[in-house]
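Shown below: target.pdb, with PDB, C-alpha atoms.
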MODEL        1
ATOM      1  CA  MET X  78      11.505 -11.440   0.690
ATOM      2  CA  HIS X  79      11.180  -9.385  -2.426
ATOM      3  CA  GLY X  80      12.089 -12.120  -4.887
ATOM      4  CA  SER X  81      14.362 -11.791  -7.859
ATOM      5  CA  ALA X  82      14.419  -8.655  -9.948
ATOM      6  CA  GLN X  83      11.862  -8.648 -12.746
ATOM      7  CA  ARG X  84      12.557  -6.105 -15.452
ATOM      8  CA  LEU X  85      10.027  -4.533 -17.765
ATOM      9  CA  GLY X  86      10.014  -6.093 -21.177
ATOM     10  CA  SER X  87       9.507  -4.600 -24.631
ATOM     11  CA  SER X  88       5.707  -4.655 -24.527
ATOM     12  CA  GLY X  89       3.657  -1.558 -25.169
ATOM     13  CA  LEU X  90       3.388  -0.893 -21.427
ATOM     14  CA  THR X  91       5.680   2.017 -20.622
ATOM     15  CA  ARG X  92       7.517   2.318 -17.316
ATOM     16  CA  ALA X  93       5.371   5.288 -16.289
ATOM     17  CA  ARG X  94       2.126   3.459 -17.023
ATOM     18  CA  ALA X  95       3.382   0.342 -15.226
ATOM     19  CA  LEU X  96       4.318   2.388 -12.179
ATOM     20  CA  ARG X  97       0.938   4.131 -12.051
ATOM     21  CA  SER X  98      -0.850   0.777 -12.284
ATOM     22  CA  ALA X  99       1.370  -0.779  -9.636
ATOM     23  CA  ILE X 100       0.890   2.103  -7.229
ATOM     24  CA  ALA X 101      -2.877   1.844  -7.494
ATOM     25  CA  ALA X 102      -2.797  -1.941  -7.132
ATOM     26  CA  GLY X 103      -0.368  -1.830  -4.230
ATOM     27  CA  ALA X 104      -2.500   0.609  -2.302
ATOM     28  CA  ALA X 105      -5.614  -1.474  -2.920
ATOM     29  CA  VAL X 106      -3.924  -4.705  -1.867
ATOM     30  CA  GLY X 107      -2.351  -3.192   1.247
ATOM     31  CA  GLY X 108      -5.451  -1.409   2.452
ATOM     32  CA  GLY X 109      -7.843  -4.118   1.311
ATOM     33  CA  MET X 110      -6.065  -6.914   3.141
ATOM     34  CA  LEU X 111      -6.063  -4.876   6.321
ATOM     35  CA  LEU X 112      -9.752  -4.160   6.057
ATOM     36  CA  SER X 113     -10.801  -7.751   5.355
ATOM     37  CA  ARG X 114     -11.088  -9.186   8.839
ATOM     38  CA  ARG X 115     -11.928 -12.853   8.336
ATOM     39  CA  PRO X 116     -12.090 -15.459  11.145
ATOM     40  CA  ASP X 117      -9.335 -17.457   9.398
ATOM     41  CA  ALA X 118      -6.985 -14.501   8.904
ATOM     42  CA  GLY X 119      -4.903 -15.214  11.996
ATOM     43  CA  ALA X 120      -6.980 -13.134  14.384
ATOM     44  CA  SER X 121      -6.515 -13.566  18.106
ATOM     45  CA  PRO X 122      -8.934 -16.113  19.648
ATOM     46  CA  ALA X 123     -10.014 -13.432  22.120
ATOM     47  CA  GLY X 124     -10.911 -11.091  19.303
ATOM     48  CA  PRO X 125      -9.676  -7.552  18.631
ATOM     49  CA  SER X 126      -9.593  -5.139  21.560
ATOM     50  CA  THR X 127      -8.233  -1.687  22.307
ATOM     51  CA  ARG X 128      -5.574  -3.268  24.518
ATOM     52  CA  GLN X 129      -4.486  -5.504  21.662
ATOM     53  CA  ASP X 130      -4.578  -2.505  19.320
ATOM     54  CA  ALA X 131      -1.975  -0.799  21.503
ATOM     55  CA  GLU X 132       0.330  -3.833  21.407
ATOM     56  CA  ILE X 133       0.120  -4.166  17.636
ATOM     57  CA  LEU X 134       0.381  -0.450  16.902
ATOM     58  CA  ALA X 135       3.396  -0.247  19.226
ATOM     59  CA  PHE X 136       5.125  -2.790  16.997
ATOM     60  CA  PHE X 137       4.147  -0.876  13.867
ATOM     61  CA  LEU X 138       5.565   2.238  15.534
ATOM     62  CA  GLN X 139       8.924   0.539  16.006
ATOM     63  CA  LEU X 140       9.041  -0.389  12.315
ATOM     64  CA  GLU X 141       8.131   3.130  11.229
ATOM     65  CA  GLN X 142      10.868   4.471  13.508
ATOM     66  CA  VAL X 143      13.422   2.205  11.819
ATOM     67  CA  GLN X 144      12.339   3.542   8.430
ATOM     68  CA  GLU X 145      12.471   7.122   9.670
ATOM     69  CA  ASP X 146      15.978   6.541  11.058
ATOM     70  CA  PHE X 147      17.121   4.890   7.833
ATOM     71  CA  TYR X 148      16.078   7.677   5.486
ATOM     72  CA  LYS X 149      17.475  10.360   7.771
ATOM     73  CA  ALA X 150      20.769   8.467   8.052
ATOM     74  CA  ALA X 151      20.898   7.985   4.273
ATOM     75  CA  LEU X 152      20.410  11.703   3.686
ATOM     76  CA  ARG X 153      23.054  12.599   6.274
ATOM     77  CA  ALA X 154      25.545  10.185   4.694
ATOM     78  CA  GLY X 155      25.324  12.119   1.435
ATOM     79  CA  GLY X 156      26.036   9.195  -0.887
ATOM     80  CA  LEU X 157      22.670   8.836  -2.585
ATOM     81  CA  GLY X 158      22.295   9.371  -6.319
ATOM     82  CA  GLY X 159      19.887  11.920  -7.737
ATOM     83  CA  ALA X 160      16.780   9.720  -8.032
ATOM     84  CA  MET X 161      17.341   7.934  -4.743
ATOM     85  CA  HIS X 162      18.142  11.202  -2.994
ATOM     86  CA  HIS X 163      14.861  12.665  -4.260
ATOM     87  CA  PHE X 164      13.023   9.575  -3.035
ATOM     88  CA  ALA X 165      14.574   9.761   0.433
ATOM     89  CA  ARG X 166      13.860  13.500   0.737
ATOM     90  CA  THR X 167      10.232  12.870  -0.205
ATOM     91  CA  VAL X 168       9.689   9.812   1.974
ATOM     92  CA  ALA X 169      11.573  10.777   5.150
ATOM     93  CA  PRO X 170       8.938  13.347   6.206
ATOM     94  CA  GLN X 171       6.188  10.830   5.449
ATOM     95  CA  GLU X 172       7.808   8.290   7.769
ATOM     96  CA  THR X 173       8.117  10.953  10.448
ATOM     97  CA  ARG X 174       4.409  11.622  10.076
ATOM     98  CA  HIS X 175       3.670   7.898  10.369
ATOM     99  CA  VAL X 176       5.703   7.808  13.577
ATOM    100  CA  ARG X 177       3.747  10.715  15.015
ATOM    101  CA  MET X 178       0.388   9.245  14.033
ATOM    102  CA  LEU X 179       1.158   5.923  15.686
ATOM    103  CA  ALA X 180       2.812   7.498  18.726
ATOM    104  CA  GLU X 181      -0.346   9.504  19.376
ATOM    105  CA  ARG X 182      -2.426   6.316  19.340
ATOM    106  CA  VAL X 183      -0.008   4.207  21.365
ATOM    107  CA  GLY X 184       0.765   6.773  24.069
ATOM    108  CA  ASP X 185       2.554   5.355  27.103
ATOM    109  CA  ARG X 186       2.378   1.825  25.699
ATOM    110  CA  ALA X 187       5.174   2.647  23.244
ATOM    111  CA  ARG X 188       8.144   0.283  23.259
ATOM    112  CA  PRO X 189      11.822   1.259  23.237
ATOM    113  CA  ARG X 190      13.061   2.395  19.858
ATOM    114  CA  LEU X 191      14.884  -0.416  18.034
ATOM    115  CA  ARG X 192      18.619   0.155  17.750
ATOM    116  CA  SER X 193      19.533   0.536  14.099
ATOM    117  CA  ASP X 194      22.789  -0.143  12.291
ATOM    118  CA  PHE X 195      22.773   0.935   8.657
ATOM    119  CA  GLY X 196      26.516   0.866   7.994
ATOM    120  CA  ALA X 197      26.601  -1.676   5.150
ATOM    121  CA  ALA X 198      23.294  -0.469   3.717
ATOM    122  CA  LEU X 199      24.659   3.034   3.159
ATOM    123  CA  ARG X 200      27.887   2.116   1.404
ATOM    124  CA  SER X 201      26.430   2.678  -2.052
ATOM    125  CA  ASP X 202      23.353   3.977  -3.803
ATOM    126  CA  ALA X 203      22.411   0.442  -4.881
ATOM    127  CA  ALA X 204      22.821  -0.927  -1.343
ATOM    128  CA  ALA X 205      20.640   1.846   0.078
ATOM    129  CA  ARG X 206      17.967   1.197  -2.534
ATOM    130  CA  ARG X 207      17.911  -2.545  -1.794
ATOM    131  CA  ALA X 208      17.791  -1.931   1.953
ATOM    132  CA  ALA X 209      14.920   0.513   1.472
ATOM    133  CA  ILE X 210      12.974  -2.064  -0.569
ATOM    134  CA  ASP X 211      13.500  -4.634   2.173
ATOM    135  CA  LEU X 212      12.379  -2.173   4.848
ATOM    136  CA  GLU X 213       9.246  -1.181   2.981
ATOM    137  CA  GLU X 214       8.224  -4.729   2.122
ATOM    138  CA  LEU X 215       8.904  -6.087   5.604
ATOM    139  CA  THR X 216       6.801  -3.275   7.040
ATOM    140  CA  ILE X 217       3.965  -4.002   4.608
ATOM    141  CA  GLY X 218       4.161  -7.687   5.570
ATOM    142  CA  ALA X 219       3.825  -6.739   9.231
ATOM    143  CA  TYR X 220       0.728  -4.626   8.598
ATOM    144  CA  ILE X 221      -0.881  -7.407   6.579
ATOM    145  CA  GLY X 222       0.029 -10.035   9.179
ATOM    146  CA  GLN X 223      -1.497  -8.143  12.094
ATOM    147  CA  GLY X 224      -4.308  -6.219  10.390
ATOM    148  CA  ALA X 225      -6.981  -8.808  11.183
ATOM    149  CA  ASN X 226      -6.167  -8.544  14.896
ATOM    150  CA  LEU X 227      -7.044  -4.842  15.095
ATOM    151  CA  THR X 228     -10.371  -3.254  15.939
ATOM    152  CA  ARG X 229     -12.120  -1.520  13.059
ATOM    153  CA  ASP X 230     -11.136   1.916  14.361
ATOM    154  CA  ALA X 231      -7.449   0.995  14.441
ATOM    155  CA  ILE X 232      -7.634  -0.721  11.040
ATOM    156  CA  VAL X 233      -8.696   2.549   9.426
ATOM    157  CA  ASP X 234      -5.564   4.351  10.614
ATOM    158  CA  ALA X 235      -3.316   1.395   9.763
ATOM    159  CA  ALA X 236      -4.772   1.190   6.245
ATOM    160  CA  ARG X 237      -4.050   4.882   5.690
ATOM    161  CA  ILE X 238      -0.386   4.210   6.464
ATOM    162  CA  VAL X 239       0.119   0.899   4.659
ATOM    163  CA  SER X 240      -1.338   2.286   1.431
ATOM    164  CA  VAL X 241       1.470   4.865   1.433
ATOM    165  CA  GLU X 242       4.046   2.176   2.215
ATOM    166  CA  ALA X 243       2.823   0.257  -0.852
ATOM    167  CA  ARG X 244       3.318   3.343  -3.042
ATOM    168  CA  GLN X 245       6.808   3.815  -1.631
ATOM    169  CA  ALA X 246       7.736   0.186  -2.328
ATOM    170  CA  ALA X 247       6.462   0.464  -5.917
ATOM    171  CA  TRP X 248       8.465   3.664  -6.434
ATOM    172  CA  LEU X 249      11.636   2.010  -5.120
ATOM    173  CA  ARG X 250      11.195  -1.034  -7.326
ATOM    174  CA  ASP X 251      10.807   1.217 -10.338
ATOM    175  CA  LEU X 252      14.063   2.978  -9.428
ATOM    176  CA  ALA X 253      15.726  -0.444  -9.237
ATOM    177  CA  GLY X 254      14.460  -1.325 -12.729
ATOM    178  CA  GLU X 255      12.125  -3.975 -11.333
ATOM    179  CA  VAL X 256       8.427  -4.579 -11.882
ATOM    180  CA  PRO X 257       6.788  -2.306  -9.293
ATOM    181  CA  ALA X 258       4.108  -4.870  -8.376
ATOM    182  CA  PRO X 259       5.679  -8.340  -8.777
ATOM    183  CA  ARG X 260       2.900 -10.232  -6.969
ATOM    184  CA  ALA X 261      -0.896 -10.338  -7.086
ATOM    185  CA  ALA X 262      -0.958 -10.323  -3.275
ATOM    186  CA  ASP X 263       1.736  -9.591  -0.726
ATOM    187  CA  PRO X 264       2.673 -12.151   1.958
ATOM    188  CA  SER X 265       2.012 -11.615   5.638
ATOM    189  CA  HIS X 266       4.649 -12.093   8.333
ATOM    190  CA  GLU X 267       4.669 -12.488  12.085
ATOM    191  CA  PRO X 268       6.559  -9.976  14.269
ATOM    192  CA  GLU X 269       9.308 -12.499  15.075
ATOM    193  CA  GLN X 270       9.893 -13.082  11.366
ATOM    194  CA  ILE X 271      10.071  -9.354  10.695
ATOM    195  CA  LEU X 272      12.605  -8.722  13.454
ATOM    196  CA  ALA X 273      14.720 -11.724  12.427
ATOM    197  CA  ALA X 274      14.744 -10.507   8.808
ATOM    198  CA  LEU X 275      15.756  -6.993   9.831
ATOM    199  CA  ARG X 276      18.600  -8.349  11.954
ATOM    200  CA  GLY X 277      19.668 -10.721   9.198
ATOM    201  CA  ARG X 278      19.921  -7.805   6.780
ATOM    202  CA  GLY X 279      21.912  -5.760   9.301
ATOM    203  CA  LEU X 280      19.202  -3.099   9.602
ATOM    204  CA  ILE X 281      18.707  -3.410  13.355
ATOM    205  CA  ALA X 282      21.173  -4.480  16.036
TER
ENDMDL
END
So, in terms of structure tokens, how does the structure I just supplied come out?
Amino acid sequence: MHGSAQRLGSSGLTRARALRSAIAAGAAVGGGMLLSRRPDAGASPAGPSTRQDAEILAFFLQLEQVQEDFYKAALRAGGLGGAMHHFARTVAPQETRHVRMLAERVGDRARPRLRSDFGAALRSDAAARRAAIDLEELTIGAYIGQGANLTRDAIVDAARIVSVEARQAAWLRDLAGEVPAPRAADPSHEPEQILAALRGRGLIA
């Protein structure tokens, strides 16, 4: 999903400058792809509707809940290193806010919370970091994949969230010593692909 690690070379671009550039680019790509609703972008033949918004946002809510659960579990486990611990403490409240924002929009159309199993992912700092990268990028892929199927009103809220997810992914990649923005554009994924990937990585039951 995330590709092989790509480390910064010995060019004049410092890690801090690379991270700042990647964060800005990631936010633009994430939000921009959501906002560009083209007829060929995989939109539903019936066109966006408030009913469809609720279905899509309910799925996004489940993904945000998995992220919220992961960061809280990682902090409770107490095995994170200094930089990763700081990341998790910063991001966990953001994921909680994402959950609340989506829950308010979805209302009684919310789906059951996905059962999470983070055992293997929390065995080491490196494992937690890799699992977090996978979670962030899978979530971004879901937003991109379904963005064109949302009404304009729902797209605005989704874009506000996915731009933050892009910043989080760039931050994590920097902590892993990888290029924060390894692609010019992120791939989109269907819900079934996202769920299969999460199960395959042992992040949901």
Task: Hits from the PyMOL selection byres ((chain X and resi 177) around 12), listed as a ChimeraX atom specification - done: /X:134-135,137-139,141-142,145,170-176,178-184,187,238
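From CA of Ala274 (chain X) back to CA of Leu157 (chain X), the distance works out to 23.8 Å.
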For region 201-213 of chain X, I'd like the enclosing box, axis-aligned and padded by 5 Å on every side, reported as lines of an AutoDock Vina configuration file with centre and edge lengths in Å to one decimal.
center_x = 17.8
center_y = -0.3
center_z = 0.0
size_x = 27.2
size_y = 18.6
size_z = 19.7
Task: Computed interatomic separation between CA of Ala219 (chain X) and CA of Arg278 (chain X) (Å) - done: 16.3 Å
Task: Point-to-point distance from CA of Asp251 (chain X) to CA of Gly155 (chain X), Å rounded to tenths - done: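 Interatomic distance here is 21.6 Å.
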Task: Residue contacts of Ala204 (chain X) (12 Å, all atoms listed in the file) excluding same-chain residues fewer than 5 positions away, as a PyMOL selection string - done: chain X and resi 151+156-158+161+195-199+209-211+253+278-280
I'd like the residues picked by the PyMOL selection byres ((chain X and resi 129) around 12) written out as a PDB file with C-alpha atoms, in the frame of the given file, using the chain letters and numbers from the file.
ATOM      1  CA  ALA X 120      -6.980 -13.134  14.384  1.00  0.00           C
ATOM      2  CA  SER X 121      -6.515 -13.566  18.106  1.00  0.00           C
ATOM      3  CA  PRO X 122      -8.934 -16.113  19.648  1.00  0.00           C
ATOM      4  CA  ALA X 123     -10.014 -13.432  22.120  1.00  0.00           C
ATOM      5  CA  GLY X 124     -10.911 -11.091  19.303  1.00  0.00           C
ATOM      6  CA  PRO X 125      -9.676  -7.552  18.631  1.00  0.00           C
ATOM      7  CA  SER X 126      -9.593  -5.139  21.560  1.00  0.00           C
ATOM      8  CA  THR X 127      -8.233  -1.687  22.307  1.00  0.00           C
ATOM      9  CA  ARG X 128      -5.574  -3.268  24.518  1.00  0.00           C
ATOM     10  CA  ASP X 130      -4.578  -2.505  19.320  1.00  0.00           C
ATOM     11  CA  ALA X 131      -1.975  -0.799  21.503  1.00  0.00           C
ATOM     12  CA  GLU X 132       0.330  -3.833  21.407  1.00  0.00           C
ATOM     13  CA  ILE X 133       0.120  -4.166  17.636  1.00  0.00           C
ATOM     14  CA  LEU X 134       0.381  -0.450  16.902  1.00  0.00           C
ATOM     15  CA  ALA X 135       3.396  -0.247  19.226  1.00  0.00           C
ATOM     16  CA  PHE X 136       5.125  -2.790  16.997  1.00  0.00           C
ATOM     17  CA  VAL X 183      -0.008   4.207  21.365  1.00  0.00           C
ATOM     18  CA  ARG X 186       2.378   1.825  25.699  1.00  0.00           C
ATOM     19  CA  GLN X 223      -1.497  -8.143  12.094  1.00  0.00           C
ATOM     20  CA  GLY X 224      -4.308  -6.219  10.390  1.00  0.00           C
ATOM     21  CA  ALA X 225      -6.981  -8.808  11.183  1.00  0.00           C
ATOM     22  CA  ASN X 226      -6.167  -8.544  14.896  1.00  0.00           C
ATOM     23  CA  LEU X 227      -7.044  -4.842  15.095  1.00  0.00           C
ATOM     24  CA  THR X 228     -10.371  -3.254  15.939  1.00  0.00           C
ATOM     25  CA  ALA X 231      -7.449   0.995  14.441  1.00  0.00           C
TER      26      ALA X 231
END
TODO: On this file, the PyMOL selection byres ((chain X and resi 275) around 10) gives some set of residues; write that set as a list in words.
DONE: Leu140, Val143, Ser193, Ala208, Asp211, Leu212, Leu215, Glu269, Gln270, Ile271, Leu272, Ala273, Ala274, Arg276, Gly277, Arg278, Gly279, Leu280, Ile281 and Ala282 of chain X
Pull C-alpha atoms from the residues just selected and write them as a PDB file, in the frame of the given file.
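As written to disk, selection.pdb reads:
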ATOM      1  CA  LEU X 140       9.041  -0.389  12.315  1.00  0.00           C
ATOM      2  CA  VAL X 143      13.422   2.205  11.819  1.00  0.00           C
ATOM      3  CA  SER X 193      19.533   0.536  14.099  1.00  0.00           C
ATOM      4  CA  ALA X 208      17.791  -1.931   1.953  1.00  0.00           C
ATOM      5  CA  ASP X 211      13.500  -4.634   2.173  1.00  0.00           C
ATOM      6  CA  LEU X 212      12.379  -2.173   4.848  1.00  0.00           C
ATOM      7  CA  LEU X 215       8.904  -6.087   5.604  1.00  0.00           C
ATOM      8  CA  GLU X 269       9.308 -12.499  15.075  1.00  0.00           C
ATOM      9  CA  GLN X 270       9.893 -13.082  11.366  1.00  0.00           C
ATOM     10  CA  ILE X 271      10.071  -9.354  10.695  1.00  0.00           C
ATOM     11  CA  LEU X 272      12.605  -8.722  13.454  1.00  0.00           C
ATOM     12  CA  ALA X 273      14.720 -11.724  12.427  1.00  0.00           C
ATOM     13  CA  ALA X 274      14.744 -10.507   8.808  1.00  0.00           C
ATOM     14  CA  ARG X 276      18.600  -8.349  11.954  1.00  0.00           C
ATOM     15  CA  GLY X 277      19.668 -10.721   9.198  1.00  0.00           C
ATOM     16  CA  ARG X 278      19.921  -7.805   6.780  1.00  0.00           C
ATOM     17  CA  GLY X 279      21.912  -5.760   9.301  1.00  0.00           C
ATOM     18  CA  LEU X 280      19.202  -3.099   9.602  1.00  0.00           C
ATOM     19  CA  ILE X 281      18.707  -3.410  13.355  1.00  0.00           C
ATOM     20  CA  ALA X 282      21.173  -4.480  16.036  1.00  0.00           C
TER      21      ALA X 282
END
Task: Pick from X:Ala262, X:Leu249, X:Val233, X:Ile217, whichever lies nearest to His163 (chain X) using all atoms listed in the file - done: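 Among the listed residues, the smallest separation from His163 (chain X) belongs to X:Leu249.
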- [ ] Have a look at X:Lys149, X:Arg200, X:Arg190, X:Arg206 and name the one nearest to Thr167 (chain X); count only C-alpha atoms.
- [x]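 Nearest to Thr167 (chain X): X:Lys149.
If only C-alpha atoms are the atoms counted, then among X:Gln144, X:Arg207, X:Arg153, X:Ile221 the closest residue to Ala236 (chain X) is X:Ile221.
Comparing X:Gly222, X:Leu152, X:Ser265, X:Thr216 by their smallest distance to Ala246 (chain X), the closest is X:Thr216 (using all atoms listed in the file).
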